[in-house]
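Q: Below: one structure in structure tokens.
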Amino acid sequence: MTALQDRLLAAHAHDDRTALVTLYTEAADDAANIDAACFFLTHAYIYALEKGDPAAKGLYRRLKGFGRV
Amino acid sequence: MAKDIAPQTLDAVRQPIETAHGLPNAHYIDADVFEVEKQAVLCANWAGLAVTADVPEPGDAKPMEFLGMPLLLIRDRQGQVRVFQNICRHRGMILVSEPRKIEGALRCPYHSWCYSTEGKLVSTPHVGGPGQNTHEAIDKSLLGLIEVRSHIWFETVFINIDGNAAPFEEVHADLIARWSAFDQPMYHGGADSTFMLPVRTNWKLAVENYCESYHLPWVHPGLNSYSRLEDHYNIDEKGKYSGQGTRVYRQLKGDDGAVFPDFAGLDTKWTEGGEYVTVYPNVLLGVQRDHSFVIILEPVSHAQTREHIHLLYATPQTDDALRTKNAAQWREVFEEDIFVVEGMQKGRYAPDFDGGRFSPAMDGPTHCFHDWVAGKIAAHLDVP
């Protein structure tokens with residue numbers, strides 16, 4: 001997770017929102033429980049939504065599946 | 001009754017032109033009166049804010065300030081130009097702080113609530129707790145961006161801040177009919193066809209100077225060679241609009257004799273005709289056979305105005321050199337007016353100035369505007 005955290009911080013530092021979608025999705029996939037996963041999925045979804053990234057649809061579906069949107 | 005606005009001063013303005021006085025000094029130099037005018041004149045009517053070319057493509061967003069209010073001009077995904085109050089419905093944070101393209105959603109930089117370009121609230125991250133993006137108390141359908149009523153005419157974005165004005169097409173029906181020949185596509189000339197002039201004057205003085213031709217031979221002597229005072233006529237439709245017209249509009253020509261393409265289907269009135277009218281309160285429009293222009297007066301304070309000038313053409317592409325020459329020519333004319341509007345502003349600090357008297361022959365358009373402003377203020381203050 002530390003390496004991922006470093007990459008997330010770097011993406012934030014560079015305001016690289018495409019990378020943020022990917023990295024928060026990765027963080028969700030690696031999360032220890034559903035609450036943690038939904039926290040990261042939310043971030044991935046929001047950045048995807050802002051970018052108009054097609055990944056937003058899939059992320060929304062995952063959150064919907066957990067009753068989080 | 002607002003400070004410094006006595007009913008009798010408004011009555012004096014609304015008399016027949018032969019006996020009327022102009023609006024008194026306080027309407028130009030008193031910040032409290034300016035606050036009343038903001039509500040009665042600028043917010044209660046259809047004020048000019050911007051031009052559509054400010055947001056040329058879907059997703060383009062431009063934050064603007066009007067009378068101190070943060071607004072967001074945006075072209076939504078369907079291509080419609082809209083105006084919103086530039087704040088998130090959550091904590092009132094400014095949503096967009098620089099002009100930019102919205103690729104997907106408008107994300108508030110504070111807690112990341114997201115809005116569509118149509119203003120719909122689409123996501124409220126963590127609003128129900130971490131990873132919980134809904135809460136029963138937060139009804140997204142009720143929390144869209146606050147839209148400001150807007151209308152497009154002459155590629156100009158007019159807004160009615162208080163939302164209570166009659167529809168634009170109704171308020172300006174007569175002027176729309178008068179200029180129906182120009183109800184056709186117009187194209188902004190681009191970056192070289194727009195400029196801004198900051199002037200140390202009350203916005204109304206810019207209107208007043210624009211409306212009348214009386215000053216032309218004195219302030220714009222260059223026009224005398226072909227556009228003499230007697231070639232002009234007054235336009236003063238009481239309670240509606242005012243300005244002036246010319247019967248000797250002469251097309252600009254390039255070194256090679258080239259001219260701009262004409263607007264389509266104009267009748268002979270416009271072969272040598274041009275008209276220059278104020279769309280009350282703050283938009284100055286000019287129409288001629290081959291181009292039009294828009295001047296949006298941005299009232300910055302009671303004593304400061306920014307004039308935003310835009311030139312519009314009949315075709316999307318025009319000759320670069322000719323367009324540059326045209327912009328330079330208009331800039332020269334409008335700059336010639338600056339000392340006048342700034343001089344009149346300074347003159348309003350003379351304690352015994354009584355609003356001035358009008359020439360019944362020459363100042364009809366100016367009196368028409370004063371009468372309109374006085375009427376709007378009287379109505380706002382509920383003066384019988």
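Each chain of the structure tokens is named A, B, ... in the order shown, its residues numbered from 1; ligands are numbered from 1 in display order.
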Contacts of A:Tyr24 at 8 Å or less, counting only C-alpha atoms, minus same-chain residues fewer than 5 places along, as a count of residues only?
A: 5
Q: Using only C-alpha atoms, what table do you get, as CSV, when you list each residue of chain B with an atom no more than 7 Å from chain A, its nearest pair of atoms, and their distance in Å rounded to one decimal, rows by chain then rising number?
A:
residue,atom,partner,partner_atom,distance
B:Glu103,CA,A:Lys51,CA,5.2
B:Gly104,CA,A:Gly52,CA,3.6
B:Ala105,CA,A:Glu50,CA,4.3
B:Leu106,CA,A:Glu50,CA,6.3
B:Arg107,CA,A:Glu50,CA,6.1
B:Pro125,CA,A:Thr42,CA,6.5
B:Pro130,CA,A:Phe39,CA,5.8
B:Gly131,CA,A:Phe39,CA,3.9
B:Gln132,CA,A:Arg68,CA,5.0
B:Asn133,CA,A:Val69,CA,5.1
B:Thr134,CA,A:Val69,CA,5.7
Q: For B:Phe358, which residue among B:Tyr214, B:Trp113, B:Phe293, B:Phe182 is the nearest when counting only C-alpha atoms?
A: B:Tyr214
Q: Please, which residues of stretch 22-59 of chain A, numbered as in this document, come out alpha helix (DSSP H) from DSSP, as JSON, numbers by chain?
A: {"A": [22, 23, 24, 25, 26, 27, 28, 29, 34, 35, 36, 37, 38, 39, 40, 41, 42, 43, 44, 45, 46, 47, 48, 49, 50, 51, 55, 56, 57, 58, 59]}
Q: Which neighbours of stretch 377-383 of chain B fall inside 10 Å, counting only C-alpha atoms, when residues of the same chain fewer than 4 positions from it are skipped, and could you give them as an MDAnalysis selection string?
A: chainID B and resid 1:2 5:8 10:11 33 36:41 44 371:373
Q: So, with only C-alpha atoms as the atoms that count, which of B:Met186, B:Val122, B:Gln80, B:Lys62 lies closest to A:Tyr60?
A: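 Of all the options, B:Val122 lies closest to A:Tyr60.
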Q: Find the spatial neighbours of A:Arg7, counting only C-alpha atoms, within a cut-off of 9 Å - ignore same-chain residues fewer than 4 positions away - and output them as an mmCIF file with C-alpha atoms, in the first residue's frame.
A:
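The resulting result_32.cif:
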data_model
loop_
_atom_site.group_PDB
_atom_site.id
_atom_site.type_symbol
_atom_site.label_atom_id
_atom_site.label_comp_id
_atom_site.auth_asym_id
_atom_site.auth_seq_id
_atom_site.Cartn_x
_atom_site.Cartn_y
_atom_site.Cartn_z
ATOM 1 C CA THR A 2 2.907 2.320 0.648
ATOM 2 C CA ALA A 3 3.981 2.249 -2.976
ATOM 3 C CA ALA A 11 -0.754 11.969 -8.945
ATOM 4 C CA HIS A 12 -2.312 14.521 -6.601
ATOM 5 C CA ALA A 19 -4.055 8.582 -12.893
ATOM 6 C CA LEU A 20 -6.155 9.294 -9.815
ATOM 7 C CA LEU A 23 -4.977 4.528 -8.604
#
